[in-house]
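For reference, work.pdb (PDB, N, CA and C atoms):
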```pdb
MODEL        1
ATOM      1  N   MET A1273     -13.657  -0.797   8.727  1.00  0.00           N
ATOM      2  CA  MET A1273     -13.091  -1.931   9.422  1.00  0.00           C
ATOM      3  C   MET A1273     -11.743  -1.539  10.024  1.00  0.00           C
ATOM      4  N   GLN A1274     -11.625  -1.643  11.301  1.00  0.00           N
ATOM      5  CA  GLN A1274     -10.382  -1.310  11.992  1.00  0.00           C
ATOM      6  C   GLN A1274      -9.440  -2.508  11.916  1.00  0.00           C
ATOM      7  N   THR A1275      -8.251  -2.319  11.435  1.00  0.00           N
ATOM      8  CA  THR A1275      -7.280  -3.401  11.329  1.00  0.00           C
ATOM      9  C   THR A1275      -5.990  -2.992  12.020  1.00  0.00           C
ATOM     10  N   ASP A1276      -5.123  -3.971  12.232  1.00  0.00           N
ATOM     11  CA  ASP A1276      -3.803  -3.668  12.760  1.00  0.00           C
ATOM     12  C   ASP A1276      -3.059  -2.728  11.829  1.00  0.00           C
ATOM     13  N   LEU A1277      -3.298  -2.840  10.539  1.00  0.00           N
ATOM     14  CA  LEU A1277      -2.630  -1.967   9.583  1.00  0.00           C
ATOM     15  C   LEU A1277      -3.017  -0.514   9.824  1.00  0.00           C
ATOM     16  N   ILE A1278      -4.288  -0.246   9.973  1.00  0.00           N
ATOM     17  CA  ILE A1278      -4.767   1.116  10.226  1.00  0.00           C
ATOM     18  C   ILE A1278      -4.246   1.620  11.575  1.00  0.00           C
ATOM     19  N   SER A1279      -4.204   0.757  12.561  1.00  0.00           N
ATOM     20  CA  SER A1279      -3.735   1.143  13.892  1.00  0.00           C
ATOM     21  C   SER A1279      -2.253   1.490  13.919  1.00  0.00           C
ATOM     22  N   ASN A1280      -1.510   1.028  12.925  1.00  0.00           N
ATOM     23  CA  ASN A1280      -0.061   1.225  12.910  1.00  0.00           C
ATOM     24  C   ASN A1280       0.412   2.032  11.701  1.00  0.00           C
ATOM     25  N   LEU A1281      -0.380   2.980  11.272  1.00  0.00           N
ATOM     26  CA  LEU A1281      -0.014   3.798  10.114  1.00  0.00           C
ATOM     27  C   LEU A1281       1.333   4.487  10.296  1.00  0.00           C
ATOM     28  N   ASP A1282       1.653   4.843  11.526  1.00  0.00           N
ATOM     29  CA  ASP A1282       2.912   5.546  11.788  1.00  0.00           C
ATOM     30  C   ASP A1282       4.133   4.661  11.558  1.00  0.00           C
ATOM     31  N   LYS A1283       3.945   3.355  11.470  1.00  0.00           N
ATOM     32  CA  LYS A1283       5.058   2.423  11.257  1.00  0.00           C
ATOM     33  C   LYS A1283       5.271   2.091   9.779  1.00  0.00           C
ATOM     34  N   ILE A1284       4.350   2.506   8.925  1.00  0.00           N
ATOM     35  CA  ILE A1284       4.448   2.162   7.508  1.00  0.00           C
ATOM     36  C   ILE A1284       5.619   2.906   6.875  1.00  0.00           C
ATOM     37  N   HIS A1285       6.417   2.145   6.135  1.00  0.00           N
ATOM     38  CA  HIS A1285       7.592   2.697   5.461  1.00  0.00           C
ATOM     39  C   HIS A1285       7.906   1.819   4.251  1.00  0.00           C
ATOM     40  N   THR A1286       8.919   2.203   3.500  1.00  0.00           N
ATOM     41  CA  THR A1286       9.410   1.378   2.408  1.00  0.00           C
ATOM     42  C   THR A1286      10.885   1.650   2.217  1.00  0.00           C
ATOM     43  N   THR A1287      11.517   0.858   1.388  1.00  0.00           N
ATOM     44  CA  THR A1287      12.931   1.036   1.085  1.00  0.00           C
ATOM     45  C   THR A1287      13.070   1.966  -0.117  1.00  0.00           C
ATOM     46  N   ALA A1288      14.292   2.380  -0.403  1.00  0.00           N
ATOM     47  CA  ALA A1288      14.537   3.223  -1.577  1.00  0.00           C
ATOM     48  C   ALA A1288      14.151   2.478  -2.858  1.00  0.00           C
ATOM     49  N   LEU A1289      14.499   1.206  -2.916  1.00  0.00           N
ATOM     50  CA  LEU A1289      14.117   0.405  -4.088  1.00  0.00           C
ATOM     51  C   LEU A1289      12.612   0.217  -4.162  1.00  0.00           C
ATOM     52  N   GLY A1290      11.974   0.061  -3.010  1.00  0.00           N
ATOM     53  CA  GLY A1290      10.524  -0.059  -2.969  1.00  0.00           C
ATOM     54  C   GLY A1290       9.850   1.191  -3.488  1.00  0.00           C
ATOM     55  N   GLU A1291      10.363   2.345  -3.073  1.00  0.00           N
ATOM     56  CA  GLU A1291       9.820   3.618  -3.561  1.00  0.00           C
ATOM     57  C   GLU A1291       9.910   3.710  -5.074  1.00  0.00           C
ATOM     58  N   GLU A1292      11.069   3.366  -5.581  1.00  0.00           N
ATOM     59  CA  GLU A1292      11.286   3.415  -7.029  1.00  0.00           C
ATOM     60  C   GLU A1292      10.339   2.459  -7.756  1.00  0.00           C
ATOM     61  N   ARG A1293      10.189   1.250  -7.231  1.00  0.00           N
ATOM     62  CA  ARG A1293       9.326   0.231  -7.841  1.00  0.00           C
ATOM     63  C   ARG A1293       7.865   0.686  -7.839  1.00  0.00           C
ATOM     64  N   ILE A1294       7.409   1.222  -6.722  1.00  0.00           N
ATOM     65  CA  ILE A1294       6.017   1.677  -6.608  1.00  0.00           C
ATOM     66  C   ILE A1294       5.764   2.843  -7.547  1.00  0.00           C
ATOM     67  N   ARG A1295       6.686   3.797  -7.563  1.00  0.00           N
ATOM     68  CA  ARG A1295       6.549   4.969  -8.438  1.00  0.00           C
ATOM     69  C   ARG A1295       6.446   4.510  -9.903  1.00  0.00           C
ATOM     70  N   LYS A1296       7.283   3.550 -10.282  1.00  0.00           N
ATOM     71  CA  LYS A1296       7.279   3.047 -11.667  1.00  0.00           C
ATOM     72  C   LYS A1296       5.999   2.271 -11.966  1.00  0.00           C
ATOM     73  N   ASN A1297       5.625   1.351 -11.075  1.00  0.00           N
ATOM     74  CA  ASN A1297       4.452   0.505 -11.313  1.00  0.00           C
ATOM     75  C   ASN A1297       3.159   1.299 -11.431  1.00  0.00           C
ATOM     76  N   LEU A1298       3.049   2.372 -10.650  1.00  0.00           N
ATOM     77  CA  LEU A1298       1.812   3.160 -10.633  1.00  0.00           C
ATOM     78  C   LEU A1298       1.922   4.457 -11.427  1.00  0.00           C
ATOM     79  N   CYS A1299       3.079   4.686 -12.042  1.00  0.00           N
ATOM     80  CA  CYS A1299       3.317   5.924 -12.802  1.00  0.00           C
ATOM     81  C   CYS A1299       3.041   7.152 -11.942  1.00  0.00           C
ATOM     82  N   LEU A1300       3.563   7.136 -10.717  1.00  0.00           N
ATOM     83  CA  LEU A1300       3.341   8.238  -9.783  1.00  0.00           C
ATOM     84  C   LEU A1300       4.320   9.368 -10.031  1.00  0.00           C
ATOM     85  N   ASN A1301       3.854  10.566  -9.816  1.00  0.00           N
ATOM     86  CA  ASN A1301       4.707  11.744  -9.917  1.00  0.00           C
ATOM     87  C   ASN A1301       4.714  12.426  -8.541  1.00  0.00           C
ATOM     88  N   THR A1302       5.233  11.719  -7.544  1.00  0.00           N
ATOM     89  CA  THR A1302       5.288  12.257  -6.188  1.00  0.00           C
ATOM     90  C   THR A1302       6.611  11.871  -5.551  1.00  0.00           C
ATOM     91  N   ASN A1303       7.097  12.714  -4.674  1.00  0.00           N
ATOM     92  CA  ASN A1303       8.322  12.397  -3.939  1.00  0.00           C
ATOM     93  C   ASN A1303       8.029  11.614  -2.675  1.00  0.00           C
ATOM     94  N   ASP A1304       6.782  11.629  -2.215  1.00  0.00           N
ATOM     95  CA  ASP A1304       6.423  10.966  -0.963  1.00  0.00           C
ATOM     96  C   ASP A1304       5.504   9.774  -1.225  1.00  0.00           C
ATOM     97  N   VAL A1305       6.107   8.685  -1.642  1.00  0.00           N
ATOM     98  CA  VAL A1305       5.364   7.470  -1.986  1.00  0.00           C
ATOM     99  C   VAL A1305       4.664   6.898  -0.758  1.00  0.00           C
ATOM    100  N   VAL A1306       5.327   6.929   0.388  1.00  0.00           N
ATOM    101  CA  VAL A1306       4.733   6.378   1.614  1.00  0.00           C
ATOM    102  C   VAL A1306       3.460   7.146   1.967  1.00  0.00           C
ATOM    103  N   ASN A1307       3.495   8.448   1.899  1.00  0.00           N
ATOM    104  CA  ASN A1307       2.303   9.245   2.196  1.00  0.00           C
ATOM    105  C   ASN A1307       1.190   8.945   1.193  1.00  0.00           C
ATOM    106  N   TRP A1308       1.545   8.807  -0.083  1.00  0.00           N
ATOM    107  CA  TRP A1308       0.556   8.502  -1.101  1.00  0.00           C
ATOM    108  C   TRP A1308      -0.127   7.173  -0.781  1.00  0.00           C
ATOM    109  N   CYS A1309       0.678   6.159  -0.448  1.00  0.00           N
ATOM    110  CA  CYS A1309       0.127   4.840  -0.118  1.00  0.00           C
ATOM    111  C   CYS A1309      -0.711   4.895   1.158  1.00  0.00           C
ATOM    112  N   THR A1310      -0.244   5.627   2.157  1.00  0.00           N
ATOM    113  CA  THR A1310      -0.979   5.758   3.421  1.00  0.00           C
ATOM    114  C   THR A1310      -2.349   6.382   3.193  1.00  0.00           C
ATOM    115  N   GLN A1311      -2.400   7.393   2.335  1.00  0.00           N
ATOM    116  CA  GLN A1311      -3.685   8.024   2.023  1.00  0.00           C
ATOM    117  C   GLN A1311      -4.625   7.038   1.340  1.00  0.00           C
ATOM    118  N   LYS A1312      -4.093   6.187   0.503  1.00  0.00           N
ATOM    119  CA  LYS A1312      -4.912   5.158  -0.151  1.00  0.00           C
ATOM    120  C   LYS A1312      -5.406   4.136   0.871  1.00  0.00           C
ATOM    121  N   ILE A1313      -4.538   3.776   1.822  1.00  0.00           N
ATOM    122  CA  ILE A1313      -4.902   2.779   2.830  1.00  0.00           C
ATOM    123  C   ILE A1313      -6.061   3.270   3.694  1.00  0.00           C
ATOM    124  N   VAL A1314      -6.059   4.543   4.069  1.00  0.00           N
ATOM    125  CA  VAL A1314      -7.119   5.065   4.941  1.00  0.00           C
ATOM    126  C   VAL A1314      -8.355   5.522   4.168  1.00  0.00           C
ATOM    127  N   ASN A1315      -8.302   5.469   2.862  1.00  0.00           N
ATOM    128  CA  ASN A1315      -9.454   5.831   2.039  1.00  0.00           C
ATOM    129  C   ASN A1315     -10.651   4.976   2.452  1.00  0.00           C
ATOM    130  N   GLN A1316     -11.801   5.605   2.598  1.00  0.00           N
ATOM    131  CA  GLN A1316     -12.988   4.876   3.074  1.00  0.00           C
ATOM    132  C   GLN A1316     -13.428   3.778   2.103  1.00  0.00           C
ATOM    133  N   ASP A1317     -12.995   3.841   0.854  1.00  0.00           N
ATOM    134  CA  ASP A1317     -13.355   2.821  -0.128  1.00  0.00           C
ATOM    135  C   ASP A1317     -12.352   1.671  -0.199  1.00  0.00           C
ATOM    136  N   SER A1318     -11.276   1.745   0.584  1.00  0.00           N
ATOM    137  CA  SER A1318     -10.258   0.697   0.507  1.00  0.00           C
ATOM    138  C   SER A1318     -10.762  -0.598   1.148  1.00  0.00           C
ATOM    139  N   ARG A1319     -10.335  -1.705   0.549  1.00  0.00           N
ATOM    140  CA  ARG A1319     -10.617  -3.031   1.102  1.00  0.00           C
ATOM    141  C   ARG A1319      -9.281  -3.585   1.574  1.00  0.00           C
ATOM    142  N   ILE A1320      -9.200  -3.931   2.835  1.00  0.00           N
ATOM    143  CA  ILE A1320      -7.951  -4.413   3.421  1.00  0.00           C
ATOM    144  C   ILE A1320      -8.152  -5.860   3.849  1.00  0.00           C
ATOM    145  N   MET A1321      -7.236  -6.721   3.403  1.00  0.00           N
ATOM    146  CA  MET A1321      -7.294  -8.106   3.833  1.00  0.00           C
ATOM    147  C   MET A1321      -5.887  -8.611   4.111  1.00  0.00           C
ATOM    148  N   ARG A1322      -5.826  -9.516   5.057  1.00  0.00           N
ATOM    149  CA  ARG A1322      -4.543 -10.113   5.382  1.00  0.00           C
ATOM    150  C   ARG A1322      -4.528 -11.549   4.892  1.00  0.00           C
ATOM    151  N   LYS A1323      -3.467 -11.884   4.180  1.00  0.00           N
ATOM    152  CA  LYS A1323      -3.223 -13.253   3.732  1.00  0.00           C
ATOM    153  C   LYS A1323      -1.808 -13.584   4.142  1.00  0.00           C
ATOM    154  N   GLY A1324      -1.668 -14.532   5.063  1.00  0.00           N
ATOM    155  CA  GLY A1324      -0.341 -14.930   5.508  1.00  0.00           C
ATOM    156  C   GLY A1324       0.426 -13.785   6.123  1.00  0.00           C
ATOM    157  N   LYS A1325       1.596 -13.508   5.569  1.00  0.00           N
ATOM    158  CA  LYS A1325       2.475 -12.500   6.164  1.00  0.00           C
ATOM    159  C   LYS A1325       2.258 -11.098   5.608  1.00  0.00           C
ATOM    160  N   ASN A1326       1.292 -10.916   4.730  1.00  0.00           N
ATOM    161  CA  ASN A1326       1.090  -9.616   4.103  1.00  0.00           C
ATOM    162  C   ASN A1326      -0.331  -9.087   4.242  1.00  0.00           C
ATOM    163  N   TRP A1327      -0.423  -7.753   4.255  1.00  0.00           N
ATOM    164  CA  TRP A1327      -1.692  -7.061   4.098  1.00  0.00           C
ATOM    165  C   TRP A1327      -1.811  -6.700   2.632  1.00  0.00           C
ATOM    166  N   TYR A1328      -3.015  -6.805   2.093  1.00  0.00           N
ATOM    167  CA  TYR A1328      -3.297  -6.388   0.725  1.00  0.00           C
ATOM    168  C   TYR A1328      -4.386  -5.333   0.785  1.00  0.00           C
ATOM    169  N   VAL A1329      -4.098  -4.194   0.182  1.00  0.00           N
ATOM    170  CA  VAL A1329      -5.042  -3.083   0.172  1.00  0.00           C
ATOM    171  C   VAL A1329      -5.490  -2.866  -1.269  1.00  0.00           C
ATOM    172  N   TYR A1330      -6.788  -2.966  -1.484  1.00  0.00           N
ATOM    173  CA  TYR A1330      -7.377  -2.745  -2.796  1.00  0.00           C
ATOM    174  C   TYR A1330      -8.158  -1.448  -2.743  1.00  0.00           C
ATOM    175  N   VAL A1331      -7.761  -0.499  -3.556  1.00  0.00           N
ATOM    176  CA  VAL A1331      -8.447   0.788  -3.580  1.00  0.00           C
ATOM    177  C   VAL A1331      -8.252   1.424  -4.953  1.00  0.00           C
ATOM    178  N   ASP A1332      -9.305   2.103  -5.420  1.00  0.00           N
ATOM    179  CA  ASP A1332      -9.302   2.667  -6.771  1.00  0.00           C
ATOM    180  C   ASP A1332      -8.895   1.548  -7.730  1.00  0.00           C
ATOM    181  N   ASP A1333      -7.835   1.727  -8.481  1.00  0.00           N
ATOM    182  CA  ASP A1333      -7.399   0.658  -9.388  1.00  0.00           C
ATOM    183  C   ASP A1333      -6.027   0.118  -8.965  1.00  0.00           C
ATOM    184  N   CYS A1334      -5.750   0.172  -7.648  1.00  0.00           N
ATOM    185  CA  CYS A1334      -4.438  -0.233  -7.136  1.00  0.00           C
ATOM    186  C   CYS A1334      -4.540  -1.375  -6.136  1.00  0.00           C
ATOM    187  N   LYS A1335      -3.457  -2.138  -6.076  1.00  0.00           N
ATOM    188  CA  LYS A1335      -3.289  -3.151  -5.040  1.00  0.00           C
ATOM    189  C   LYS A1335      -1.947  -2.864  -4.372  1.00  0.00           C
ATOM    190  N   ILE A1336      -1.974  -2.569  -3.075  1.00  0.00           N
ATOM    191  CA  ILE A1336      -0.782  -2.246  -2.301  1.00  0.00           C
ATOM    192  C   ILE A1336      -0.495  -3.415  -1.374  1.00  0.00           C
ATOM    193  N   THR A1337       0.748  -3.887  -1.370  1.00  0.00           N
ATOM    194  CA  THR A1337       1.150  -5.008  -0.532  1.00  0.00           C
ATOM    195  C   THR A1337       2.053  -4.510   0.580  1.00  0.00           C
ATOM    196  N   VAL A1338       1.663  -4.808   1.844  1.00  0.00           N
ATOM    197  CA  VAL A1338       2.408  -4.356   3.015  1.00  0.00           C
ATOM    198  C   VAL A1338       2.732  -5.563   3.886  1.00  0.00           C
ATOM    199  N   ASN A1339       3.995  -5.709   4.290  1.00  0.00           N
ATOM    200  CA  ASN A1339       4.375  -6.790   5.188  1.00  0.00           C
ATOM    201  C   ASN A1339       3.699  -6.574   6.536  1.00  0.00           C
ATOM    202  N   ALA A1340       3.066  -7.617   7.066  1.00  0.00           N
ATOM    203  CA  ALA A1340       2.260  -7.493   8.280  1.00  0.00           C
ATOM    204  C   ALA A1340       3.099  -7.376   9.545  1.00  0.00           C
ATOM    205  N   HIS A1341       4.358  -7.761   9.498  1.00  0.00           N
ATOM    206  CA  HIS A1341       5.192  -7.703  10.696  1.00  0.00           C
ATOM    207  C   HIS A1341       6.037  -6.431  10.754  1.00  0.00           C
ATOM    208  N   SER A1342       6.625  -6.058   9.620  1.00  0.00           N
ATOM    209  CA  SER A1342       7.513  -4.892   9.603  1.00  0.00           C
ATOM    210  C   SER A1342       6.821  -3.618   9.126  1.00  0.00           C
ATOM    211  N   TYR A1343       5.620  -3.747   8.569  1.00  0.00           N
ATOM    212  CA  TYR A1343       4.852  -2.632   8.004  1.00  0.00           C
ATOM    213  C   TYR A1343       5.601  -1.963   6.847  1.00  0.00           C
ATOM    214  N   THR A1344       6.398  -2.756   6.128  1.00  0.00           N
ATOM    215  CA  THR A1344       7.098  -2.271   4.946  1.00  0.00           C
ATOM    216  C   THR A1344       6.193  -2.421   3.732  1.00  0.00           C
ATOM    217  N   ILE A1345       6.028  -1.341   2.977  1.00  0.00           N
ATOM    218  CA  ILE A1345       5.290  -1.435   1.717  1.00  0.00           C
ATOM    219  C   ILE A1345       6.224  -2.150   0.748  1.00  0.00           C
ATOM    220  N   ILE A1346       5.814  -3.327   0.339  1.00  0.00           N
ATOM    221  CA  ILE A1346       6.652  -4.153  -0.523  1.00  0.00           C
ATOM    222  C   ILE A1346       6.531  -3.704  -1.975  1.00  0.00           C
ATOM    223  N   THR A1347       5.299  -3.567  -2.420  1.00  0.00           N
ATOM    224  CA  THR A1347       5.063  -3.155  -3.798  1.00  0.00           C
ATOM    225  C   THR A1347       3.637  -2.646  -3.942  1.00  0.00           C
ATOM    226  N   ALA A1348       3.361  -2.090  -5.087  1.00  0.00           N
ATOM    227  CA  ALA A1348       2.005  -1.677  -5.445  1.00  0.00           C
ATOM    228  C   ALA A1348       1.877  -1.805  -6.955  1.00  0.00           C
ATOM    229  N   HIS A1349       0.718  -2.228  -7.377  1.00  0.00           N
ATOM    230  CA  HIS A1349       0.460  -2.438  -8.803  1.00  0.00           C
ATOM    231  C   HIS A1349      -0.931  -1.934  -9.140  1.00  0.00           C
ATOM    232  N   ARG A1350      -1.139  -1.734 -10.416  1.00  0.00           N
ATOM    233  CA  ARG A1350      -2.497  -1.506 -10.893  1.00  0.00           C
ATOM    234  C   ARG A1350      -3.226  -2.827 -10.714  1.00  0.00           C
ATOM    235  N   ASP A1351      -4.427  -2.778 -10.204  1.00  0.00           N
ATOM    236  CA  ASP A1351      -5.230  -3.987 -10.015  1.00  0.00           C
ATOM    237  C   ASP A1351      -5.756  -4.413 -11.372  1.00  0.00           C
ATOM    238  N   LYS A1352      -5.246  -5.519 -11.862  1.00  0.00           N
ATOM    239  CA  LYS A1352      -5.599  -5.988 -13.215  1.00  0.00           C
ATOM    240  C   LYS A1352      -7.078  -6.282 -13.373  1.00  0.00           C
ATOM    241  N   ASN A1353      -7.754  -6.561 -12.255  1.00  0.00           N
ATOM    242  CA  ASN A1353      -9.188  -6.828 -12.307  1.00  0.00           C
ATOM    243  C   ASN A1353     -10.000  -5.566 -12.488  1.00  0.00           C
ATOM    244  N   LYS A1354      -9.388  -4.406 -12.267  1.00  0.00           N
ATOM    245  CA  LYS A1354     -10.117  -3.134 -12.350  1.00  0.00           C
ATOM    246  C   LYS A1354      -9.757  -2.337 -13.594  1.00  0.00           C
ATOM    247  N   VAL A1355      -8.667  -2.708 -14.272  1.00  0.00           N
ATOM    248  CA  VAL A1355      -8.210  -1.920 -15.417  1.00  0.00           C
ATOM    249  C   VAL A1355      -8.980  -2.281 -16.650  1.00  0.00           C
TER     250      VAL A1355
ENDMDL
END
```

Rewrite the coordinates I just gave you, this time as structure tokens.
Amino acid sequence: MQTDLISNLDKIHTTALGEERIRKNLCLNTNDVVNWCTQKIVNQDSRIMRKGKNWYVYVDDCKITVNAHSYTIITAHRDKNKV
């Protein structure tokens, strides 16, 4: 499914606090959180839906939240429905 989110991958970013929050929430051991999230977003198994002002990406056992206007990754969590 082609979405505005996929079409604008080059605009996806996050803040320093966002990086820290995502790394902590997902127990990531990577310096490039944005790249990690981008790879999850383009994964063929990802489900992308827009609700209001945010995109929600469900893939593997993660839920990634991206602002639909600024393309800022707000947060990411383990999907409680999959754990």

Q: Compare A:Val1329, A:Leu1289, A:Ile1284, A:Ile1278 by their minimum atom-to-atom distance to Asn1307 of chain A, counting all atoms listed in the file, and give me the closest one.
A: A:Ile1284

**Q.** Counting only N, CA and C atoms, the residue of A:Asn1297, A:Ser1279, A:Asn1339, A:Gln1311 that sits nearest Trp1327 of chain A
**A.**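 Answer, going by the shortest atom-to-atom distance: A:Asn1339.
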
**Q.** Residue list (helix (DSSP H, G or I), DSSP) for chain A, as a ChimeraX atom specification
**A.** /A:1276-1279,1281-1283,1288-1298,1305-1314

I need the chosen residues saved as a PDB file, in the coordinates of the input, with N, CA and C atoms.
```pdb
ATOM      1  N   ASP A1276      -5.123  -3.971  12.232  1.00  0.00           N
ATOM      2  CA  ASP A1276      -3.803  -3.668  12.760  1.00  0.00           C
ATOM      3  C   ASP A1276      -3.059  -2.728  11.829  1.00  0.00           C
ATOM      4  N   LEU A1277      -3.298  -2.840  10.539  1.00  0.00           N
ATOM      5  CA  LEU A1277      -2.630  -1.967   9.583  1.00  0.00           C
ATOM      6  C   LEU A1277      -3.017  -0.514   9.824  1.00  0.00           C
ATOM      7  N   ILE A1278      -4.288  -0.246   9.973  1.00  0.00           N
ATOM      8  CA  ILE A1278      -4.767   1.116  10.226  1.00  0.00           C
ATOM      9  C   ILE A1278      -4.246   1.620  11.575  1.00  0.00           C
ATOM     10  N   SER A1279      -4.204   0.757  12.561  1.00  0.00           N
ATOM     11  CA  SER A1279      -3.735   1.143  13.892  1.00  0.00           C
ATOM     12  C   SER A1279      -2.253   1.490  13.919  1.00  0.00           C
ATOM     13  N   LEU A1281      -0.380   2.980  11.272  1.00  0.00           N
ATOM     14  CA  LEU A1281      -0.014   3.798  10.114  1.00  0.00           C
ATOM     15  C   LEU A1281       1.333   4.487  10.296  1.00  0.00           C
ATOM     16  N   ASP A1282       1.653   4.843  11.526  1.00  0.00           N
ATOM     17  CA  ASP A1282       2.912   5.546  11.788  1.00  0.00           C
ATOM     18  C   ASP A1282       4.133   4.661  11.558  1.00  0.00           C
ATOM     19  N   LYS A1283       3.945   3.355  11.470  1.00  0.00           N
ATOM     20  CA  LYS A1283       5.058   2.423  11.257  1.00  0.00           C
ATOM     21  C   LYS A1283       5.271   2.091   9.779  1.00  0.00           C
ATOM     22  N   ALA A1288      14.292   2.380  -0.403  1.00  0.00           N
ATOM     23  CA  ALA A1288      14.537   3.223  -1.577  1.00  0.00           C
ATOM     24  C   ALA A1288      14.151   2.478  -2.858  1.00  0.00           C
ATOM     25  N   LEU A1289      14.499   1.206  -2.916  1.00  0.00           N
ATOM     26  CA  LEU A1289      14.117   0.405  -4.088  1.00  0.00           C
ATOM     27  C   LEU A1289      12.612   0.217  -4.162  1.00  0.00           C
ATOM     28  N   GLY A1290      11.974   0.061  -3.010  1.00  0.00           N
ATOM     29  CA  GLY A1290      10.524  -0.059  -2.969  1.00  0.00           C
ATOM     30  C   GLY A1290       9.850   1.191  -3.488  1.00  0.00           C
ATOM     31  N   GLU A1291      10.363   2.345  -3.073  1.00  0.00           N
ATOM     32  CA  GLU A1291       9.820   3.618  -3.561  1.00  0.00           C
ATOM     33  C   GLU A1291       9.910   3.710  -5.074  1.00  0.00           C
ATOM     34  N   GLU A1292      11.069   3.366  -5.581  1.00  0.00           N
ATOM     35  CA  GLU A1292      11.286   3.415  -7.029  1.00  0.00           C
ATOM     36  C   GLU A1292      10.339   2.459  -7.756  1.00  0.00           C
ATOM     37  N   ARG A1293      10.189   1.250  -7.231  1.00  0.00           N
ATOM     38  CA  ARG A1293       9.326   0.231  -7.841  1.00  0.00           C
ATOM     39  C   ARG A1293       7.865   0.686  -7.839  1.00  0.00           C
ATOM     40  N   ILE A1294       7.409   1.222  -6.722  1.00  0.00           N
ATOM     41  CA  ILE A1294       6.017   1.677  -6.608  1.00  0.00           C
ATOM     42  C   ILE A1294       5.764   2.843  -7.547  1.00  0.00           C
ATOM     43  N   ARG A1295       6.686   3.797  -7.563  1.00  0.00           N
ATOM     44  CA  ARG A1295       6.549   4.969  -8.438  1.00  0.00           C
ATOM     45  C   ARG A1295       6.446   4.510  -9.903  1.00  0.00           C
ATOM     46  N   LYS A1296       7.283   3.550 -10.282  1.00  0.00           N
ATOM     47  CA  LYS A1296       7.279   3.047 -11.667  1.00  0.00           C
ATOM     48  C   LYS A1296       5.999   2.271 -11.966  1.00  0.00           C
ATOM     49  N   ASN A1297       5.625   1.351 -11.075  1.00  0.00           N
ATOM     50  CA  ASN A1297       4.452   0.505 -11.313  1.00  0.00           C
ATOM     51  C   ASN A1297       3.159   1.299 -11.431  1.00  0.00           C
ATOM     52  N   LEU A1298       3.049   2.372 -10.650  1.00  0.00           N
ATOM     53  CA  LEU A1298       1.812   3.160 -10.633  1.00  0.00           C
ATOM     54  C   LEU A1298       1.922   4.457 -11.427  1.00  0.00           C
ATOM     55  N   VAL A1305       6.107   8.685  -1.642  1.00  0.00           N
ATOM     56  CA  VAL A1305       5.364   7.470  -1.986  1.00  0.00           C
ATOM     57  C   VAL A1305       4.664   6.898  -0.758  1.00  0.00           C
ATOM     58  N   VAL A1306       5.327   6.929   0.388  1.00  0.00           N
ATOM     59  CA  VAL A1306       4.733   6.378   1.614  1.00  0.00           C
ATOM     60  C   VAL A1306       3.460   7.146   1.967  1.00  0.00           C
ATOM     61  N   ASN A1307       3.495   8.448   1.899  1.00  0.00           N
ATOM     62  CA  ASN A1307       2.303   9.245   2.196  1.00  0.00           C
ATOM     63  C   ASN A1307       1.190   8.945   1.193  1.00  0.00           C
ATOM     64  N   TRP A1308       1.545   8.807  -0.083  1.00  0.00           N
ATOM     65  CA  TRP A1308       0.556   8.502  -1.101  1.00  0.00           C
ATOM     66  C   TRP A1308      -0.127   7.173  -0.781  1.00  0.00           C
ATOM     67  N   CYS A1309       0.678   6.159  -0.448  1.00  0.00           N
ATOM     68  CA  CYS A1309       0.127   4.840  -0.118  1.00  0.00           C
ATOM     69  C   CYS A1309      -0.711   4.895   1.158  1.00  0.00           C
ATOM     70  N   THR A1310      -0.244   5.627   2.157  1.00  0.00           N
ATOM     71  CA  THR A1310      -0.979   5.758   3.421  1.00  0.00           C
ATOM     72  C   THR A1310      -2.349   6.382   3.193  1.00  0.00           C
ATOM     73  N   GLN A1311      -2.400   7.393   2.335  1.00  0.00           N
ATOM     74  CA  GLN A1311      -3.685   8.024   2.023  1.00  0.00           C
ATOM     75  C   GLN A1311      -4.625   7.038   1.340  1.00  0.00           C
ATOM     76  N   LYS A1312      -4.093   6.187   0.503  1.00  0.00           N
ATOM     77  CA  LYS A1312      -4.912   5.158  -0.151  1.00  0.00           C
ATOM     78  C   LYS A1312      -5.406   4.136   0.871  1.00  0.00           C
ATOM     79  N   ILE A1313      -4.538   3.776   1.822  1.00  0.00           N
ATOM     80  CA  ILE A1313      -4.902   2.779   2.830  1.00  0.00           C
ATOM     81  C   ILE A1313      -6.061   3.270   3.694  1.00  0.00           C
ATOM     82  N   VAL A1314      -6.059   4.543   4.069  1.00  0.00           N
ATOM     83  CA  VAL A1314      -7.119   5.065   4.941  1.00  0.00           C
ATOM     84  C   VAL A1314      -8.355   5.522   4.168  1.00  0.00           C
TER      85      VAL A1314
END
```

Q) In Å, how far is it from atom CA of Ala1288 of chain A to atom CA of Asp1276 of chain A? A)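 Atom CA of Asp1276 of chain A lies at a distance of 24.3 Å from atom CA of Ala1288 of chain A.
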
Q: Could you check how far atom CA of Asp1304 of chain A sits from atom CA of Thr1286 of chain A, in Å to one decimal?
A: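 The value is 10.6 Å.
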
Q: Could you tell me, as a ChimeraX atom specification, which residues of chain A DSSP assigns to strand (DSSP E) when given the backbone?
A: /A:1319-1323,1326-1331,1334-1339,1345-1350

Q: Pick out the closest residue to Lys1283 of chain A from this set: A:Asn1315, A:Gly1324, A:Ser1342, A:Val1331. Count all atoms listed in the file.
A: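 Distance minimum relative to Lys1283 of chain A lands on A:Ser1342.
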
Q | Å distance separating atom CA of Lys1296 of chain A from atom N of Leu1277 of chain A, one decimal place | A |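 Computed distance, atom CA of Lys1296 of chain A to atom N of Leu1277 of chain A, equals 25.3 Å.
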